[in-house]
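Colleague: mmCIF, C-alpha atoms, file query23.cif:
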data_input
loop_
_atom_site.label_atom_id
_atom_site.label_comp_id
_atom_site.auth_asym_id
_atom_site.auth_seq_id
_atom_site.Cartn_x
_atom_site.Cartn_y
_atom_site.Cartn_z
CA MET A 1 9.38 4.92 21.71
CA ASP A 2 13.16 5.23 21.28
CA SER A 3 14.74 1.80 21.82
CA GLN A 4 17.66 3.49 23.59
CA ILE A 5 15.59 5.32 26.17
CA LYS A 6 17.36 5.60 29.52
CA ILE A 7 16.79 7.00 32.97
CA GLU A 8 18.41 10.41 33.31
CA GLU A 9 17.50 11.45 36.84
CA ILE A 10 15.57 10.29 39.88
CA TYR A 11 14.36 12.54 42.69
CA ILE A 12 12.73 11.34 45.92
CA SER A 13 11.31 13.71 48.50
CA LYS A 14 10.73 12.98 52.18
CA LEU A 15 12.09 9.44 52.02
CA TYR A 16 11.30 7.98 55.46
CA GLY A 17 9.82 11.43 56.12
CA ILE A 18 13.36 12.90 56.31
CA TYR A 19 15.55 12.71 53.20
CA ASN A 20 15.34 14.42 49.83
CA HIS A 21 17.64 12.71 47.31
CA ARG A 22 18.40 13.66 43.71
CA VAL A 23 20.51 11.29 41.59
CA SER A 24 21.71 12.31 38.13
CA MET A 25 22.85 9.38 35.98
CA ARG A 26 26.34 9.71 34.54
CA GLU A 27 26.78 9.87 30.77
CA GLY A 28 29.35 7.08 30.88
CA GLY A 29 26.66 4.63 31.97
CA ILE A 30 27.86 3.92 35.53
CA THR A 31 26.65 5.89 38.55
CA ILE A 32 27.55 5.26 42.19
CA ILE A 33 25.35 6.38 45.06
CA HIS A 34 27.36 6.57 48.25
CA GLY A 35 26.31 7.35 51.78
CA ALA A 36 26.05 6.26 55.38
CA ASN A 37 23.83 3.40 56.48
CA GLY A 38 20.19 4.39 56.79
CA VAL A 39 20.02 7.29 54.32
CA GLY A 40 18.11 5.22 51.75
CA LYS A 41 20.59 3.89 49.19
CA THR A 42 18.80 0.55 48.90
CA ALA A 43 15.40 2.29 48.99
CA VAL A 44 16.36 4.34 45.91
CA LEU A 45 17.18 1.15 44.01
CA LYS A 46 14.02 -0.59 45.16
CA CYS A 47 11.83 2.37 44.20
CA LEU A 48 13.16 2.23 40.64
CA LYS A 49 12.72 -1.53 40.48
CA PHE A 50 9.16 -1.42 41.83
CA ILE A 51 8.19 1.43 39.48
CA PHE A 52 9.37 -0.35 36.35
CA ASP A 53 7.90 -3.67 37.50
CA TRP A 54 4.62 -1.82 38.15
CA ASN A 55 4.75 -3.36 41.60
CA ILE A 56 2.62 -0.69 43.21
CA GLU A 57 1.98 -2.63 46.42
CA GLU A 58 5.69 -2.85 47.23
CA LEU A 59 6.36 0.71 46.08
CA SER A 60 3.62 2.05 48.34
CA SER A 61 5.18 0.28 51.33
CA ILE A 62 8.20 2.62 51.16
CA PRO A 63 7.48 5.90 53.02
CA PHE A 64 8.05 8.89 50.71
CA ARG A 65 6.15 11.94 49.53
CA THR A 66 7.00 12.18 45.82
CA ILE A 67 9.19 10.49 43.23
CA HIS A 68 10.14 12.00 39.87
CA VAL A 69 11.91 9.93 37.22
CA GLY A 70 13.24 11.80 34.19
CA LEU A 71 14.05 9.89 30.99
CA THR A 72 16.41 10.82 28.18
CA ASP A 73 13.51 11.34 25.72
CA GLN A 74 12.17 14.13 27.99
CA THR A 75 9.46 11.88 29.39
CA LYS A 76 8.85 12.30 33.13
CA ILE A 77 7.18 9.90 35.53
CA SER A 78 5.78 11.64 38.61
CA ILE A 79 4.54 9.66 41.61
CA SER A 80 2.86 11.31 44.55
CA ARG A 81 0.71 10.40 47.51
CA GLN A 82 -3.00 11.09 47.23
CA SER A 83 -4.12 13.57 49.86
CA ASP A 84 -7.42 14.87 51.15
CA GLY A 85 -5.91 18.36 51.01
CA LYS A 86 -5.77 18.98 54.75
CA ALA A 87 -2.65 21.00 55.42
CA SER A 88 -2.32 19.46 58.88
CA GLU A 89 -1.77 16.05 57.32
CA ARG A 90 0.86 16.99 54.73
CA ASN A 91 3.80 15.96 56.92
CA ASP A 92 2.39 13.17 59.05
CA GLN A 93 2.89 9.43 58.65
CA HIS A 94 -0.53 9.03 57.06
CA TYR A 95 0.55 11.26 54.20
CA LEU A 96 3.72 9.21 53.64
CA THR A 97 1.76 5.95 53.33
CA SER A 98 -1.43 7.04 51.56
CA PRO A 99 -2.35 5.61 48.11
CA LEU A 100 -0.23 6.58 45.12
CA GLU A 101 -1.10 8.61 42.05
CA ILE A 102 1.14 8.30 38.98
CA SER A 103 1.34 10.92 36.23
CA PHE A 104 3.19 10.85 32.92
CA PHE A 105 4.52 13.86 31.04
CA LYS A 106 6.12 14.24 27.60
CA SER A 107 8.72 16.88 26.82
CA GLY A 108 8.96 17.63 30.52
CA SER A 109 5.62 19.39 31.00
CA SER A 110 3.07 18.08 28.48
CA HIS A 111 0.68 15.94 30.54
CA VAL A 112 -0.14 12.54 29.04
CA GLU A 113 -2.23 10.85 31.71
CA THR A 114 -2.63 10.28 35.43
CA VAL A 115 -3.26 6.84 36.86
CA SER A 116 -4.46 5.93 40.34
CA PRO A 117 -3.21 2.36 40.76
CA ILE A 118 -5.49 2.08 43.77
CA ASP A 119 -8.73 3.52 42.41
CA PRO A 120 -10.72 5.47 45.08
CA GLU A 121 -13.97 3.74 44.10
CA MET A 122 -12.32 0.34 44.30
CA MET A 123 -10.84 1.31 47.66
CA SER A 124 -14.33 2.11 48.97
CA ILE A 125 -15.70 -1.20 47.70
CA ALA A 126 -12.77 -3.15 49.16
CA ARG A 127 -13.08 -1.52 52.57
CA LEU A 128 -16.81 -2.18 52.60
CA MET A 129 -16.13 -5.84 51.85
CA ALA A 130 -13.44 -6.00 54.55
CA THR A 131 -15.59 -4.53 57.35
CA SER A 132 -17.84 -7.60 57.34
CA ARG A 133 -14.91 -10.02 57.24
CA PRO A 134 -13.00 -9.75 60.53
CA TRP A 135 -10.35 -12.23 59.40
CA LEU A 136 -9.06 -9.57 56.96
CA LYS A 137 -6.59 -7.28 58.71
CA GLU A 138 -5.63 -4.05 56.92
CA VAL A 139 -1.87 -3.57 57.29
CA LYS A 140 -1.64 -0.45 55.14
CA PRO A 141 -3.97 1.48 52.81
CA GLY A 142 -5.23 -0.88 50.12
CA PHE A 143 -3.49 -3.95 51.53
CA TRP A 144 -4.89 -6.68 53.84
CA ILE A 145 -3.70 -9.97 55.31
CA ASP A 146 -6.12 -12.90 55.37
CA GLU A 147 -5.46 -14.26 58.87
CA ASN A 148 -7.07 -17.60 57.98
CA SER A 149 -4.73 -18.33 55.06
CA GLY A 150 -1.88 -15.92 55.77
CA GLN A 151 -2.13 -14.63 52.18
CA ALA A 152 -1.78 -10.98 51.20
CA VAL A 153 -4.83 -9.38 49.58
CA ASP A 154 -4.80 -6.05 47.75
CA VAL A 155 -7.66 -3.74 46.74
CA TRP A 156 -8.28 -5.37 43.38
CA ASP A 157 -8.10 -8.91 44.77
CA LEU A 158 -10.60 -8.06 47.50
CA ALA A 159 -13.01 -6.19 45.27
CA HIS A 160 -12.81 -8.87 42.57
CA LYS A 161 -13.44 -11.71 45.03
CA TYR A 162 -16.35 -10.24 46.96
CA ALA A 163 -17.85 -7.40 44.91
CA PRO A 164 -20.83 -7.91 42.58
CA GLN A 165 -19.86 -8.44 38.96
CA LYS A 166 -21.05 -4.98 37.86
CA ASN A 167 -18.76 -3.26 40.37
CA ARG A 168 -15.60 -5.06 39.36
CA LYS A 169 -12.80 -3.15 37.67
CA ARG A 170 -9.47 -4.17 36.27
CA LYS A 171 -6.25 -3.02 37.85
CA ASN A 172 -5.35 0.34 36.41
CA ARG A 173 -2.49 0.13 33.97
CA SER A 174 -0.91 2.69 31.69
CA ALA A 175 -0.52 1.89 27.98
CA PHE A 176 1.91 4.81 27.72
CA PHE A 177 4.06 3.35 30.48
CA ASP A 178 3.95 -0.11 28.90
CA LYS A 179 5.80 1.35 25.90
CA ILE A 180 8.52 2.63 28.21
CA ARG A 181 8.81 -0.73 29.96
CA ARG A 182 9.22 -2.56 26.65
CA SER A 183 12.24 -0.43 25.77
CA LEU A 184 13.93 -0.31 29.18
CA ASN A 185 14.59 -3.34 31.35
CA VAL A 186 15.35 -2.58 35.02
CA LYS A 187 17.06 -5.37 36.94
CA LEU A 188 17.97 -5.46 40.63
CA ILE A 189 20.94 -7.46 41.90
CA ASP A 190 20.31 -7.33 45.61
CA THR A 191 22.34 -8.26 48.69
CA TYR A 192 20.69 -11.69 48.80
CA ARG A 193 22.19 -12.80 45.49
CA LEU A 194 23.41 -16.12 46.96
CA ALA A 195 19.89 -17.01 48.14
CA ALA A 196 18.49 -19.83 46.00
CA ARG A 197 15.41 -18.83 43.99
CA GLY A 198 13.08 -20.08 41.30
CA LYS A 199 12.41 -23.60 40.06
CA GLU A 200 15.90 -24.77 41.01
CA SER A 201 15.66 -23.41 44.57
CA SER A 202 17.03 -26.69 45.93
CA LYS A 203 20.31 -25.79 44.21
CA SER A 204 22.69 -23.11 45.43
CA THR A 205 22.73 -19.91 43.35
CA VAL A 206 26.21 -20.64 42.02
CA ASP A 207 25.03 -24.13 40.97
CA GLN A 208 22.06 -22.50 39.23
CA CYS A 209 24.56 -20.43 37.23
CA ALA A 210 26.24 -23.65 36.12
CA ILE A 211 22.86 -25.10 35.08
CA ASP A 212 22.10 -21.93 33.14
CA MET A 213 25.47 -22.20 31.38
CA VAL A 214 24.53 -25.69 30.19
CA GLY A 215 21.43 -24.15 28.64
CA GLN A 216 23.46 -21.35 27.03
CA ILE A 217 25.85 -23.85 25.43
CA GLU A 218 23.03 -26.14 24.29
CA SER A 219 21.23 -23.22 22.65
CA VAL A 220 24.30 -22.05 20.72
CA SER A 221 25.24 -25.64 19.81
CA ALA A 222 21.75 -26.20 18.38
CA GLU A 223 22.08 -23.00 16.33
CA TYR A 224 25.51 -24.18 15.13
CA ALA A 225 24.11 -27.60 14.10
CA GLN A 226 21.26 -25.95 12.20
CA MET A 227 23.68 -23.61 10.44
CA CYS A 228 25.92 -26.55 9.48
CA GLN A 229 23.00 -28.51 8.08
CA THR A 230 21.68 -25.58 6.06
CA LEU A 231 25.04 -24.61 4.55
CA ASP A 232 26.19 -28.19 3.88
CA GLN A 233 22.98 -29.10 2.06
CA SER A 234 23.15 -26.05 -0.17
CA PHE A 235 26.94 -26.15 -0.74
CA PRO A 236 26.88 -27.83 -4.22
CA HIS A 237 24.18 -25.51 -5.53
CA ARG A 238 25.92 -22.38 -4.28
CA LEU A 239 29.28 -23.54 -5.63
CA ILE A 240 27.81 -24.10 -9.11
CA ALA A 241 25.79 -20.87 -9.00
CA GLY A 242 28.93 -18.91 -8.14
CA HIS A 243 27.19 -16.35 -5.93
CA HIS A 244 30.05 -16.08 -3.46
CA GLU A 245 33.33 -14.26 -3.01
CA PHE A 246 36.27 -15.77 -4.91
CA LEU A 247 39.33 -15.59 -2.65
CA SER A 248 42.96 -15.63 -3.64
CA ALA A 249 45.14 -18.59 -2.69
CA ASP A 250 46.97 -16.51 -0.07
CA SER A 251 43.68 -15.29 1.42
CA VAL A 252 42.29 -18.85 1.60
CA SER A 253 45.48 -20.01 3.33
CA ASP A 254 45.44 -17.19 5.89
CA ARG A 255 41.76 -17.59 6.71
CA LEU A 256 42.12 -21.35 7.10
CA LYS A 257 44.88 -20.80 9.67
CA ASN A 258 42.66 -18.34 11.53
CA LEU A 259 39.78 -20.83 11.44
CA GLU A 260 41.93 -23.61 12.89
CA ALA A 261 43.14 -21.28 15.66
CA TYR A 262 39.59 -20.16 16.43
CA GLN A 263 38.34 -23.76 16.54
CA SER A 264 41.15 -24.67 18.94
CA TRP A 265 40.28 -21.66 21.12
CA LEU A 266 36.58 -22.63 21.25
CA SER A 267 37.55 -26.21 22.09
CA ALA A 268 39.88 -25.09 24.87
CA MET A 269 37.03 -23.08 26.41
CA GLY A 270 34.72 -26.10 26.28
CA LEU A 271 32.27 -24.69 23.73
CA LEU A 272 33.17 -26.86 20.73
CA ALA A 273 34.26 -30.47 20.44
CA THR A 274 37.80 -30.98 19.21
CA ILE A 275 37.71 -31.40 15.45
CA GLU A 276 39.87 -34.23 14.16
CA GLY A 277 40.57 -34.61 10.48
CA PRO A 278 43.15 -34.37 7.69
CA SER A 279 45.12 -31.14 7.50
CA PHE A 280 44.70 -28.87 4.52
CA PRO A 281 47.47 -28.35 1.96
CA SER A 282 50.06 -25.90 3.25
CA ASP A 283 50.59 -24.34 -0.18
CA MET A 284 47.29 -23.34 -1.72
CA LYS A 285 49.07 -21.93 -4.78
CA THR A 286 49.62 -25.47 -6.06
CA LEU A 287 45.86 -26.02 -6.38
CA SER A 288 43.86 -25.38 -9.53
CA ASP A 289 41.56 -22.39 -9.80
CA ALA A 290 38.51 -24.66 -9.46
CA LYS A 291 39.82 -26.11 -6.22
CA ILE A 292 40.72 -22.65 -4.91
CA GLU A 293 37.14 -21.58 -5.64
CA THR A 294 35.80 -24.60 -3.74
CA MET A 295 38.06 -23.81 -0.80
CA SER A 296 36.94 -20.17 -0.93
CA LEU A 297 33.34 -21.17 -0.36
CA PHE A 298 34.36 -23.74 2.27
CA VAL A 299 36.25 -21.09 4.25
CA GLN A 300 33.37 -18.62 4.09
CA ASP A 301 30.87 -21.28 5.18
CA SER A 302 33.11 -22.37 8.07
CA GLU A 303 33.42 -18.78 9.26
CA SER A 304 29.64 -18.38 9.15
CA LYS A 305 29.14 -21.59 11.13
CA LEU A 306 31.58 -20.65 13.87
CA SER A 307 30.29 -17.07 14.09
CA VAL A 308 27.30 -18.31 16.12
CA PHE A 309 29.71 -18.93 19.00
CA SER A 310 31.24 -15.45 18.96
CA ALA A 311 29.00 -13.67 21.50
CA LEU A 312 29.00 -16.55 24.00
CA ALA A 313 32.73 -17.15 23.52
CA GLU A 314 33.59 -13.51 24.20
CA LYS A 315 31.60 -13.55 27.45
CA CYS A 316 33.16 -16.85 28.53
CA PHE A 317 36.63 -15.47 27.87
CA VAL A 318 35.95 -12.40 30.01
CA LEU A 319 34.57 -14.62 32.79
CA PHE A 320 37.75 -16.76 32.65
CA ASP A 321 39.98 -13.72 32.56
CA LEU A 322 38.33 -11.89 35.47
CA LEU A 323 38.24 -14.98 37.67
CA GLN A 324 41.76 -16.24 37.08
CA THR A 325 43.21 -13.77 39.60
CA LYS A 326 40.30 -14.11 42.04
CA LEU A 327 40.07 -17.88 42.52
CA ALA A 328 43.10 -18.61 44.68
CA HIS A 329 44.94 -21.77 43.50
CA LYS A 330 41.89 -22.78 41.45
CA ARG A 331 40.72 -22.60 37.83
CA LEU A 332 37.27 -22.30 36.31
CA PHE A 333 36.33 -24.67 33.49
CA ILE A 334 33.35 -24.63 31.13
CA ASN A 335 31.90 -27.69 29.44
CA LYS A 336 28.64 -28.86 27.89
CA GLU A 337 27.88 -31.44 30.57
CA ARG A 338 28.31 -29.42 33.78
CA GLY A 339 28.25 -25.85 32.54
CA MET A 340 30.91 -24.65 34.96
CA SER A 341 33.29 -26.46 37.30
CA VAL A 342 36.30 -25.52 39.39
CA LEU A 343 39.51 -27.52 39.78
CA SER A 344 42.24 -26.88 42.30
CA ASP A 345 45.82 -26.47 41.11
CA LEU A 346 46.41 -29.96 42.53
CA GLY A 347 43.82 -31.38 40.15
CA GLY A 348 40.95 -32.04 42.53
CA ASP A 349 37.38 -31.12 41.63
CA ILE A 350 35.83 -28.53 43.98
CA PRO A 351 32.01 -28.31 44.12
CA LEU A 352 30.89 -24.78 43.33
CA SER A 353 28.81 -24.62 46.50
CA SER A 354 31.94 -25.45 48.54
CA LEU A 355 33.77 -22.33 47.41
CA SER A 356 34.12 -19.47 49.88
CA SER A 357 31.21 -17.03 50.09
CA GLY A 358 33.41 -14.36 48.50
CA GLU A 359 34.26 -16.62 45.56
CA GLN A 360 30.61 -17.57 45.12
CA HIS A 361 29.55 -13.91 45.26
CA GLU A 362 32.13 -13.07 42.60
CA ILE A 363 31.07 -15.89 40.26
CA VAL A 364 27.34 -15.18 40.70
CA LEU A 365 27.73 -11.44 40.21
CA LEU A 366 29.94 -11.78 37.13
CA TYR A 367 27.63 -14.41 35.67
CA GLU A 368 24.55 -12.23 36.22
CA LEU A 369 26.27 -9.30 34.53
CA LEU A 370 27.64 -11.24 31.57
CA PHE A 371 25.02 -13.85 30.76
CA LYS A 372 21.69 -12.83 32.30
CA THR A 373 21.48 -9.10 31.60
CA PRO A 374 19.61 -8.01 28.45
CA ARG A 375 21.09 -5.22 26.35
CA ASN A 376 19.90 -1.70 27.22
CA SER A 377 19.12 -2.69 30.81
CA LEU A 378 19.53 -0.52 33.85
CA LEU A 379 21.26 -2.66 36.47
CA LEU A 380 20.64 -1.77 40.09
CA ILE A 381 23.48 -3.30 42.11
CA ASP A 382 23.15 -3.19 45.87
CA GLU A 383 26.35 -3.36 47.94
CA PRO A 384 28.63 -5.21 45.49
CA GLU A 385 31.29 -5.23 48.22
CA ILE A 386 29.55 -7.99 50.19
CA SER A 387 32.03 -10.80 50.99
CA LEU A 388 34.58 -9.37 48.55
CA HIS A 389 38.24 -8.92 49.45
CA VAL A 390 39.42 -5.31 49.41
CA LYS A 391 41.54 -6.00 46.31
CA TRP A 392 38.47 -7.30 44.49
CA GLN A 393 36.48 -4.24 45.57
CA LYS A 394 39.16 -1.96 44.13
CA ASN A 395 38.85 -3.71 40.74
CA PHE A 396 35.05 -3.77 40.69
CA ILE A 397 34.36 -0.61 38.65
CA LYS A 398 37.13 -1.42 36.17
CA ASP A 399 35.72 -4.94 35.72
CA LEU A 400 32.19 -3.55 35.42
CA LYS A 401 33.23 -1.13 32.67
CA ARG A 402 34.80 -3.99 30.73
CA ILE A 403 31.62 -6.08 30.98
CA ARG A 404 29.43 -3.09 30.13
CA ASP A 405 31.35 -2.58 26.88
CA ILE A 406 30.41 -6.14 25.85
CA VAL A 407 26.84 -6.47 27.13
CA GLY A 408 25.59 -2.88 26.78
CA PHE A 409 23.89 -1.84 30.02
CA ASP A 410 23.88 1.08 32.44
CA ALA A 411 24.42 0.55 36.16
CA LEU A 412 23.35 2.34 39.32
CA ILE A 413 25.40 1.07 42.27
CA ALA A 414 24.62 1.58 45.94
CA THR A 415 27.62 1.23 48.23
CA HIS A 416 29.24 2.59 51.36
CA SER A 417 32.63 1.09 50.51
CA PRO A 418 35.32 3.69 49.65
CA PHE A 419 37.21 0.88 47.90
CA ILE A 420 34.38 0.38 45.38
CA VAL A 421 34.45 4.10 44.59
CA GLY A 422 38.26 4.18 44.49
CA ASP A 423 39.52 6.78 42.03
CA PHE A 424 36.16 7.02 40.23
CA HIS A 425 34.94 10.05 42.16
CA GLU A 426 33.40 11.50 39.01
CA LEU A 427 30.84 8.66 39.04
CA MET A 428 29.70 9.32 42.58
CA GLU A 429 26.43 10.84 43.78
CA SER A 430 26.50 11.37 47.54
CA LEU A 431 23.31 10.82 49.53
CA ASP A 432 23.73 13.18 52.46
CA GLU A 433 22.46 12.33 55.90
CA VAL A 434 20.29 15.46 55.76
CA GLY A 435 18.91 16.00 52.29
CA ASP A 436 17.92 19.22 50.59
CA GLN A 437 14.64 20.14 52.22
CA ASN A 438 13.21 21.84 49.12
CA ASP A 439 10.76 19.83 47.04
CA TYR A 440 11.21 19.23 43.31
#
Can the structure from this file be put into structure tokens for me?
Modeller:
Amino acid sequence: MDSQIKIEEIYISKLYGIYNHRVSMREGGITIIHGANGVGKTAVLKCLKFIFDWNIEELSSIPFRTIHVGLTDQTKISISRQSDGKASERNDQHYLTSPLEISFFKSGSSHVETVSPIDPEMMSIARLMATSRPWLKEVKPGFWIDENSGQAVDVWDLAHKYAPQKNRKRKNRSAFFDKIRRSLNVKLIDTYRLAARGKESSKSTVDQCAIDMVGQIESVSAEYAQMCQTLDQSFPHRLIAGHHEFLSADSVSDRLKNLEAYQSWLSAMGLLATIEGPSFPSDMKTLSDAKIETMSLFVQDSESKLSVFSALAEKCFVLFDLLQTKLAHKRLFINKERGMSVLSDLGGDIPLSSLSSGEQHEIVLLYELLFKTPRNSLLLIDEPEISLHVKWQKNFIKDLKRIRDIVGFDALIATHSPFIVGDFHELMESLDEVGDQNDY
């Protein structure tokens, strides 16, 4: 499977029983879906997320008739509701909530396989089990609530718990689809991005970003220490063996100056401790050839050691740069101990969780984009305008393009803010209030 596989188009018919939406992804990597409240912008994002998470229970809870997802390698994923074929039921609510059937096609029309995530036989077994257990309340096809425990129970859970061993089946999965999922990560940044989640749920989301930054710095610092140890231990052998580039005196001098500047830059950003030590000779031409050779290897080793910081340093610089005009009378700092902290222009420390909701949204969103998004991801960003000043909204797409160039992702953005769209009308896909009523 091509490692650069991407989503090319998504089509949803009869969303909420009303709307037909087709979204074609822009070649530049950023697509904006724009429309009035209620036409299904968030639902489009959630459908994609649930499909690529293979979260069939959540996907089936969204009323729609069909979904088609086209990929850049000509693969197509087709999702439709199972029907008993009665024409009278093709437009009713039952049809929009019936179990799903998922088909995969290569080269557009060559059928690979069809999967019924909720197997009909398993459905029969599960319903038989449920009829004798009145505490199980079916809330939708293939999904029950255990009123004693309050827990959700799906078809497989019910059949596995109560059915005889010989009747048990595993949840249907697609090996073909697993290959797609391994090459394309789909990530949703929803409107609840400030809600604390995960193991550190007692911490605010912005504080969790700071904790994550500590981990990022520790990881790179450990790699740097290992690189230093490896190169320092082998330095004498490599110097004697001579398997390295011999630099001129002028080249050694120039690269040493660049190294010192880079070290100072990393230290100023809080990624590297300040290095104290004797300065190198200003005129390398006065040194013997043997000493120049030694300095040649030293310079090359030092560059290799510091290179482990390059990716993290570039992201930190962009974070600094984008926030310096957004944090009013404040500055962001990065350090190994706290990860991130904010100081006022008067010098006082400001807890991250005490920042305004707009400032927290900005930090969390930028951090998610820069530090927690794998390369070749499709980012689904829901209403980035939340709590953001109009000026920040106007800069959002420009900032996103800058981050995309570094990280390497595509983005599908749902918004109803004209300021987010701004002058980037060529990126916009409008979701009309009344969609095209013709099926795919």
Colleague: Apply the PyMOL selection byres ((chain A and resi 53) around 12) to the structure shown and report the selected residues as a PyMOL selection string.
Modeller: chain A and resi 46-52+54-59+173+177-178+180-182+184-188
Colleague: Within 8 Å of segment 336-347 of chain A, counting only C-alpha atoms, which residues show up once you throw out same-chain ones fewer than 3 positions away? Write them as a PDB file with C-alpha atoms, in the frame of the given file, please.
Modeller:
ATOM      1  CA  CYS A 209      24.560 -20.430  37.230  1.00  0.00           C
ATOM      2  CA  ALA A 210      26.240 -23.650  36.120  1.00  0.00           C
ATOM      3  CA  ILE A 211      22.860 -25.100  35.080  1.00  0.00           C
ATOM      4  CA  ASP A 212      22.100 -21.930  33.140  1.00  0.00           C
ATOM      5  CA  MET A 213      25.470 -22.200  31.380  1.00  0.00           C
ATOM      6  CA  VAL A 214      24.530 -25.690  30.190  1.00  0.00           C
ATOM      7  CA  ILE A 217      25.850 -23.850  25.430  1.00  0.00           C
ATOM      8  CA  GLU A 218      23.030 -26.140  24.290  1.00  0.00           C
ATOM      9  CA  GLY A 270      34.720 -26.100  26.280  1.00  0.00           C
ATOM     10  CA  LEU A 271      32.270 -24.690  23.730  1.00  0.00           C
ATOM     11  CA  HIS A 329      44.940 -21.770  43.500  1.00  0.00           C
ATOM     12  CA  LYS A 330      41.890 -22.780  41.450  1.00  0.00           C
ATOM     13  CA  ARG A 331      40.720 -22.600  37.830  1.00  0.00           C
ATOM     14  CA  LEU A 332      37.270 -22.300  36.310  1.00  0.00           C
ATOM     15  CA  PHE A 333      36.330 -24.670  33.490  1.00  0.00           C
ATOM     16  CA  ILE A 350      35.830 -28.530  43.980  1.00  0.00           C
ATOM     17  CA  PRO A 351      32.010 -28.310  44.120  1.00  0.00           C
ATOM     18  CA  LEU A 352      30.890 -24.780  43.330  1.00  0.00           C
TER      19      LEU A 352
END
Colleague: Report as a VMD selection string all protein, DNA and RNA residues lying within 7 Å of Arg255 of chain A, evaluated on only C-alpha atoms, omitting residues in the same chain fewer than 4 positions from it.
Modeller: chain A and resid 251 259 299
Colleague: Could you list, as a PDB file with C-alpha atoms, keeping the file's coordinate frame, every residue matched by the PyMOL selection byres ((chain A and resi 356) around 12) in this structure?
Modeller:
ATOM      1  CA  LEU A 194      23.410 -16.120  46.960  1.00  0.00           C
ATOM      2  CA  VAL A 206      26.210 -20.640  42.020  1.00  0.00           C
ATOM      3  CA  LYS A 326      40.300 -14.110  42.040  1.00  0.00           C
ATOM      4  CA  LEU A 327      40.070 -17.880  42.520  1.00  0.00           C
ATOM      5  CA  ALA A 328      43.100 -18.610  44.680  1.00  0.00           C
ATOM      6  CA  LYS A 330      41.890 -22.780  41.450  1.00  0.00           C
ATOM      7  CA  ILE A 350      35.830 -28.530  43.980  1.00  0.00           C
ATOM      8  CA  PRO A 351      32.010 -28.310  44.120  1.00  0.00           C
ATOM      9  CA  LEU A 352      30.890 -24.780  43.330  1.00  0.00           C
ATOM     10  CA  SER A 353      28.810 -24.620  46.500  1.00  0.00           C
ATOM     11  CA  SER A 354      31.940 -25.450  48.540  1.00  0.00           C
ATOM     12  CA  LEU A 355      33.770 -22.330  47.410  1.00  0.00           C
ATOM     13  CA  SER A 357      31.210 -17.030  50.090  1.00  0.00           C
ATOM     14  CA  GLY A 358      33.410 -14.360  48.500  1.00  0.00           C
ATOM     15  CA  GLU A 359      34.260 -16.620  45.560  1.00  0.00           C
ATOM     16  CA  GLN A 360      30.610 -17.570  45.120  1.00  0.00           C
ATOM     17  CA  HIS A 361      29.550 -13.910  45.260  1.00  0.00           C
ATOM     18  CA  GLU A 362      32.130 -13.070  42.600  1.00  0.00           C
ATOM     19  CA  ILE A 363      31.070 -15.890  40.260  1.00  0.00           C
ATOM     20  CA  SER A 387      32.030 -10.800  50.990  1.00  0.00           C
ATOM     21  CA  LEU A 388      34.580  -9.370  48.550  1.00  0.00           C
ATOM     22  CA  HIS A 389      38.240  -8.920  49.450  1.00  0.00           C
TER      23      HIS A 389
END
Colleague: Please compute the atom CA of Ala222 of chain A-atom CA of Glu260 of chain A distance, one decimal, in Å.
Modeller: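 Computing the Euclidean distance for atom CA of Ala222 of chain A and atom CA of Glu260 of chain A yields 21.1 Å.
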Colleague: What is the distance between atom CA of His425 of chain A and atom CA of Leu400 of chain A, in Å to one decimal?
Modeller: 15.4 Å
Colleague: Go through A:Thr294, A:Gln393, A:Ser183, A:Ser149 one by one, measure the shortest atom-to-atom distance of each to Thr415 of chain A using only C-alpha atoms, and give the residue with the smallest value.
Modeller: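 Ranked by minimum distance to Thr415 of chain A, first place goes to A:Gln393.
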Colleague: Set the distance at 10 Å and use only C-alpha atoms: which residues neighbour Ile62 of chain A once local chain neighbours fewer than 6 positions away are removed? I'd like the list as a list in words.
Modeller: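 Result of the neighbour search: Leu15, Tyr16, Ala43, Val44, Lys46, Cys47, Leu96 and Thr97 of chain A.
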Colleague: Would you output that residue set with C-alpha atoms, as a PDB file, keeping the file's coordinate frame?
Modeller:
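Dumped to part20.pdb:
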ATOM      1  CA  LEU A  15      12.090   9.440  52.020  1.00  0.00           C
ATOM      2  CA  TYR A  16      11.300   7.980  55.460  1.00  0.00           C
ATOM      3  CA  ALA A  43      15.400   2.290  48.990  1.00  0.00           C
ATOM      4  CA  VAL A  44      16.360   4.340  45.910  1.00  0.00           C
ATOM      5  CA  LYS A  46      14.020  -0.590  45.160  1.00  0.00           C
ATOM      6  CA  CYS A  47      11.830   2.370  44.200  1.00  0.00           C
ATOM      7  CA  LEU A  96       3.720   9.210  53.640  1.00  0.00           C
ATOM      8  CA  THR A  97       1.760   5.950  53.330  1.00  0.00           C
TER       9      THR A  97
END
Colleague: Go through A:Leu239, A:Leu378, A:Leu427, A:Leu297 one by one, measure the shortest atom-to-atom distance of each to Val407 of chain A using all atoms listed in the file, and give the residue with the smallest value.
Modeller: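 Using all atoms listed in the file, the shortest distance to Val407 of chain A belongs to A:Leu378.
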Colleague: For a quick check of understanding, using all atoms listed in the file, which of A:Ile334, A:Tyr367, A:Val390, A:Ser60 has the smallest distance to Val139 of chain A?
Modeller: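 Closest residue, counting all atoms listed in the file: A:Ser60.
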Colleague: So what do you get for atom CA of Ala36 of chain A versus atom CA of Asp432 of chain A, distance-wise?
Modeller: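 Calculated distance between atom CA of Ala36 of chain A and atom CA of Asp432 of chain A is 7.9 Å.
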Colleague: At a cut-off of 7 Å, using only C-alpha atoms, what residues contact segment 302-318 of chain A? Leave out same-chain residues fewer than 3 positions from it and give the result as a list of chain:residue names.
Modeller: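 Near segment 302-318 of chain A, the qualifying residues are A:Val220, A:Tyr224, A:Met227, A:Cys228, A:Phe298, A:Val299, A:Asp321, A:Leu322, A:Leu370.
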